[in-house]
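Participant: I am attaching a structure below and will ask some questions about it afterwards.
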Amino acid sequence: MTAQLDMPAGQPLYGCMGLGGTWDTVPYTASDIAHAEAAVEAALAIGITAFDHADIYRRGKAEAVFGELLARAPDLRSRIVLQTKCGIRQAEDGLPGMYDLRGPSIVRRVEESLTRLRTDVIDVLLLHRPDPLAAPAEIAEALTSLHRQGLVRRFGVSNMSAAQMDALQEHLELPLSANQLEMSLGSRDWVEAGAVLNTRDATTNGFPHGTVEYCVARGIRLQAWGPLAQGRFTGAADSPAARLVAALAERKRTTPETILLWWLQRHPAEIAPVIGTSRPERILACRDAVTREPELTHEEWYELWVTARGVPLP
């Protein structure tokens with residue numbers, strides 16, 4: 001049995017969605033394994049010890065190539081936190097893509113992930129998306145069984161609201177440990193949902209108000225997927241916000257990637273960014289988000305927010 005580790009609040013995770021080759025059933029290659037190894041080594045080099053997966057990433061190949069790396073370096077598993085997700089079924093056999101959190105499906109997907117990852121336990125299992133047809137009691141029963149068998153240590157969710165988490169927690173013995181949401185300087189609904197309350201802007205904000213506060217009050221750690229905003233502030237496009245990010249990075253002797261991650265980490269919810277790039281140089285550019293406290297003042301944080309919004313706060 002591998003040692004149980006913790007994920008410090010606010011510390012970045014490495015997101016493994018980019019590993020494993022193509023998004024189809026074509027087998028991964030030696031080159032794909034080497035690509036994954038370079039990315040993982042870069043993440044470890046900057047101090048990242050938590051790795052985020054999902055059973056659907058590259059149709060299971062992301063988990064499988066990571067399992068190859070664990071087999072090659074047997075000591076690695078005891079030094080990392082391994083997180084994966086289940087609950088999304090991709091379109092196949094003439095059926096549309098769907099969400100599936102039925103109890104037997106959860107158990108089967110976890111068993112398949114354990115096999116691909118070549119490990120005896122998953123440290124954290126997240127439910128990837130809400131399934132409108134799944135009963136919370138049935139989900140909780142499956143999760144409890146997995147925990148009692150020693151197959152999963154902790155549970156969390158992804159893309160769920162406070163109400164959905166509350167409904168699940170009502171039936172679950174263990175407390176939910178994490179909620180992974182899209183959060184970045186480019187995707188700001190999570191922060192604006194509260195800030196624009198009681199204004200006209202609130203009518204166009206679809207983020208479920210109170211979800212961030214719910215997580216903080218109950219010790220459910222927030223994880224941010226897409227924290228680098230697909231590169232739109234770090235070279236993919238020119239904009240006032242991108243120029244401000246670059247200027248702050250120069251002033252603070254760090255990288256634009258770090259400024260974006262610091263913007264999330266500076267929030268009192270202690271948001272943990274999930275760094276999803278598979279390019280080693282971009283992973284290494286995130287080093288200061290792991291090793292340094294966020295060096296953004298109150299005013300700088302707001303300047304980034306308002307500049308990215310493009311309009312003043314209400």
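Following the order of the structure tokens, chains are lettered A, B, ..., residues in each are numbered from 1, and ligands are numbered from 1.
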Which polymer residues have any atom within 7 Å of an atom of Val290 of chain A, counting only C-alpha atoms, with same-chain residues fewer than 3 positions away left out, as a VMD selection string?

Facilitator: chain A and resid 11 to 12 46 to 47 287

Participant: Any idea what's packed within 12 Å of segment 162-169 of chain A, counting only C-alpha atoms, ignoring anything in its chain fewer than 6 positions away? Could you give it as a ChimeraX atom specification?

Facilitator: /A:101,126-127,129-132,134-144,155-156,175-179,207-218,220

Participant: Using DSSP assignments from the backbone, pull out every residue in segment 36-271 of chain A that falls under strand (DSSP E) and give it to me as a ChimeraX atom specification.

Facilitator: /A:50-52,81-86,88-89,98-99,122-127,152-158,178-182,221-225

Participant: List every residue of segment 41-117 of chain A that DSSP, applied to the backbone, labels as alpha helix (DSSP H), and write the result as an NGL selection string.

Facilitator: :A and (41-45 or 61-72 or 103-117)

Participant: Residues as selected, N, CA, C and O atoms, written as a compact mmCIF listing (two decimals), in the first residue's frame, can you do that?

Facilitator:
# COMPACT_ATOMS: atom_id res chain seq x y z
N GLU A 41 8.61 15.04 -15.31
CA GLU A 41 9.89 15.44 -14.71
C GLU A 41 9.96 16.94 -14.49
O GLU A 41 10.49 17.41 -13.48
N ALA A 42 9.41 17.71 -15.43
CA ALA A 42 9.38 19.16 -15.26
C ALA A 42 8.51 19.55 -14.08
O ALA A 42 8.87 20.44 -13.29
N ALA A 43 7.36 18.89 -13.94
CA ALA A 43 6.47 19.18 -12.81
C ALA A 43 7.15 18.84 -11.49
O ALA A 43 7.11 19.63 -10.53
N LEU A 44 7.79 17.69 -11.42
CA LEU A 44 8.49 17.31 -10.19
C LEU A 44 9.65 18.27 -9.90
O LEU A 44 9.91 18.60 -8.74
N ALA A 45 10.30 18.75 -10.94
CA ALA A 45 11.46 19.64 -10.77
C ALA A 45 11.08 20.95 -10.10
O ALA A 45 11.91 21.55 -9.40
N LYS A 61 -5.65 6.79 -22.30
CA LYS A 61 -4.21 6.68 -22.56
C LYS A 61 -3.37 7.59 -21.67
O LYS A 61 -2.21 7.29 -21.40
N ALA A 62 -3.96 8.68 -21.17
CA ALA A 62 -3.21 9.54 -20.24
C ALA A 62 -2.88 8.77 -18.97
O ALA A 62 -1.76 8.82 -18.47
N GLU A 63 -3.88 8.07 -18.43
CA GLU A 63 -3.63 7.24 -17.25
C GLU A 63 -2.64 6.12 -17.57
O GLU A 63 -1.75 5.80 -16.76
N ALA A 64 -2.78 5.52 -18.74
CA ALA A 64 -1.94 4.38 -19.09
C ALA A 64 -0.47 4.77 -19.22
O ALA A 64 0.42 4.04 -18.74
N VAL A 65 -0.17 5.90 -19.86
CA VAL A 65 1.24 6.28 -19.99
C VAL A 65 1.81 6.68 -18.63
O VAL A 65 2.99 6.45 -18.34
N PHE A 66 0.96 7.27 -17.78
CA PHE A 66 1.42 7.59 -16.43
C PHE A 66 1.72 6.30 -15.67
O PHE A 66 2.69 6.22 -14.91
N GLY A 67 0.90 5.29 -15.87
CA GLY A 67 1.17 3.99 -15.27
C GLY A 67 2.50 3.42 -15.73
O GLY A 67 3.21 2.77 -14.95
N GLU A 68 2.84 3.66 -17.00
CA GLU A 68 4.15 3.23 -17.50
C GLU A 68 5.27 3.91 -16.72
O GLU A 68 6.27 3.28 -16.35
N LEU A 69 5.11 5.20 -16.45
CA LEU A 69 6.13 5.94 -15.71
C LEU A 69 6.26 5.42 -14.28
O LEU A 69 7.37 5.31 -13.74
N LEU A 70 5.12 5.12 -13.65
CA LEU A 70 5.16 4.59 -12.29
C LEU A 70 5.85 3.22 -12.26
O LEU A 70 6.58 2.90 -11.32
N ALA A 71 5.64 2.42 -13.30
CA ALA A 71 6.28 1.10 -13.36
C ALA A 71 7.79 1.23 -13.53
O ALA A 71 8.56 0.42 -13.01
N ARG A 72 8.22 2.27 -14.25
CA ARG A 72 9.65 2.48 -14.47
C ARG A 72 10.35 3.06 -13.24
O ARG A 72 11.56 2.90 -13.07
N GLY A 103 -23.98 3.77 -9.59
CA GLY A 103 -23.05 3.10 -8.69
C GLY A 103 -22.15 2.09 -9.36
O GLY A 103 -20.91 2.17 -9.24
N PRO A 104 -22.69 1.09 -10.08
CA PRO A 104 -21.83 0.09 -10.72
C PRO A 104 -20.86 0.71 -11.72
O PRO A 104 -19.73 0.23 -11.88
N SER A 105 -21.29 1.76 -12.40
CA SER A 105 -20.41 2.42 -13.37
C SER A 105 -19.22 3.08 -12.66
O SER A 105 -18.08 3.00 -13.13
N ILE A 106 -19.47 3.74 -11.54
CA ILE A 106 -18.39 4.36 -10.78
C ILE A 106 -17.37 3.31 -10.37
O ILE A 106 -16.15 3.48 -10.55
N VAL A 107 -17.85 2.20 -9.82
CA VAL A 107 -16.94 1.13 -9.36
C VAL A 107 -16.13 0.58 -10.52
O VAL A 107 -14.91 0.40 -10.41
N ARG A 108 -16.78 0.33 -11.65
CA ARG A 108 -16.08 -0.23 -12.81
C ARG A 108 -15.03 0.74 -13.33
O ARG A 108 -13.89 0.34 -13.64
N ARG A 109 -15.37 2.01 -13.41
CA ARG A 109 -14.41 3.00 -13.93
C ARG A 109 -13.20 3.15 -13.00
O ARG A 109 -12.08 3.32 -13.45
N VAL A 110 -13.43 3.08 -11.71
CA VAL A 110 -12.32 3.16 -10.77
C VAL A 110 -11.40 1.95 -10.92
O VAL A 110 -10.17 2.08 -10.94
N GLU A 111 -11.98 0.78 -11.05
CA GLU A 111 -11.17 -0.43 -11.23
C GLU A 111 -10.33 -0.34 -12.51
O GLU A 111 -9.16 -0.73 -12.53
N GLU A 112 -10.91 0.22 -13.57
CA GLU A 112 -10.18 0.37 -14.82
C GLU A 112 -9.05 1.39 -14.67
O GLU A 112 -7.94 1.19 -15.19
N SER A 113 -9.30 2.47 -13.94
CA SER A 113 -8.26 3.47 -13.71
C SER A 113 -7.11 2.89 -12.90
O SER A 113 -5.93 3.16 -13.18
N LEU A 114 -7.43 2.12 -11.88
CA LEU A 114 -6.38 1.49 -11.07
C LEU A 114 -5.49 0.60 -11.93
O LEU A 114 -4.26 0.58 -11.77
N THR A 115 -6.10 -0.12 -12.85
CA THR A 115 -5.33 -1.00 -13.73
C THR A 115 -4.42 -0.19 -14.65
O THR A 115 -3.23 -0.49 -14.81
N ARG A 116 -4.98 0.86 -15.26
CA ARG A 116 -4.17 1.67 -16.18
C ARG A 116 -3.04 2.39 -15.44
O ARG A 116 -1.92 2.52 -15.95
N LEU A 117 -3.33 2.89 -14.25
CA LEU A 117 -2.33 3.63 -13.49
C LEU A 117 -1.34 2.72 -12.77
O LEU A 117 -0.34 3.21 -12.23

Participant: Which residues are near segment 234-249 of chain A? Cut-off 6 Å, only C-alpha atoms, ignore same chain within fewer than 4 positions. Put them as an MDAnalysis selection string.

Facilitator: chainID A and resid 253:256 307:308

Participant: Write the residues of the preceding selection, restricted to C-alpha atoms, as a short mmCIF file (atom, residue, chain, number, x, y, z; two decimals), in the first residue's frame.

Facilitator:
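New file selection_26.cif:
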data_model
loop_
_atom_site.label_atom_id
_atom_site.label_comp_id
_atom_site.auth_asym_id
_atom_site.auth_seq_id
_atom_site.Cartn_x
_atom_site.Cartn_y
_atom_site.Cartn_z
CA ARG A 253 11.09 39.16 -11.78
CA THR A 254 8.89 36.21 -12.61
CA THR A 255 6.94 34.86 -15.59
CA PRO A 256 3.54 35.77 -17.04
CA THR A 307 -8.40 45.10 -17.03
CA ALA A 308 -9.42 41.57 -18.00
#

Participant: As an exercise, work out the distance from atom CA of Pro74 of chain A to atom CA of Pro27 of chain A in Å and give it to one decimal place.

Facilitator: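 Between atom CA of Pro74 of chain A and atom CA of Pro27 of chain A the gap works out to 23.5 Å.
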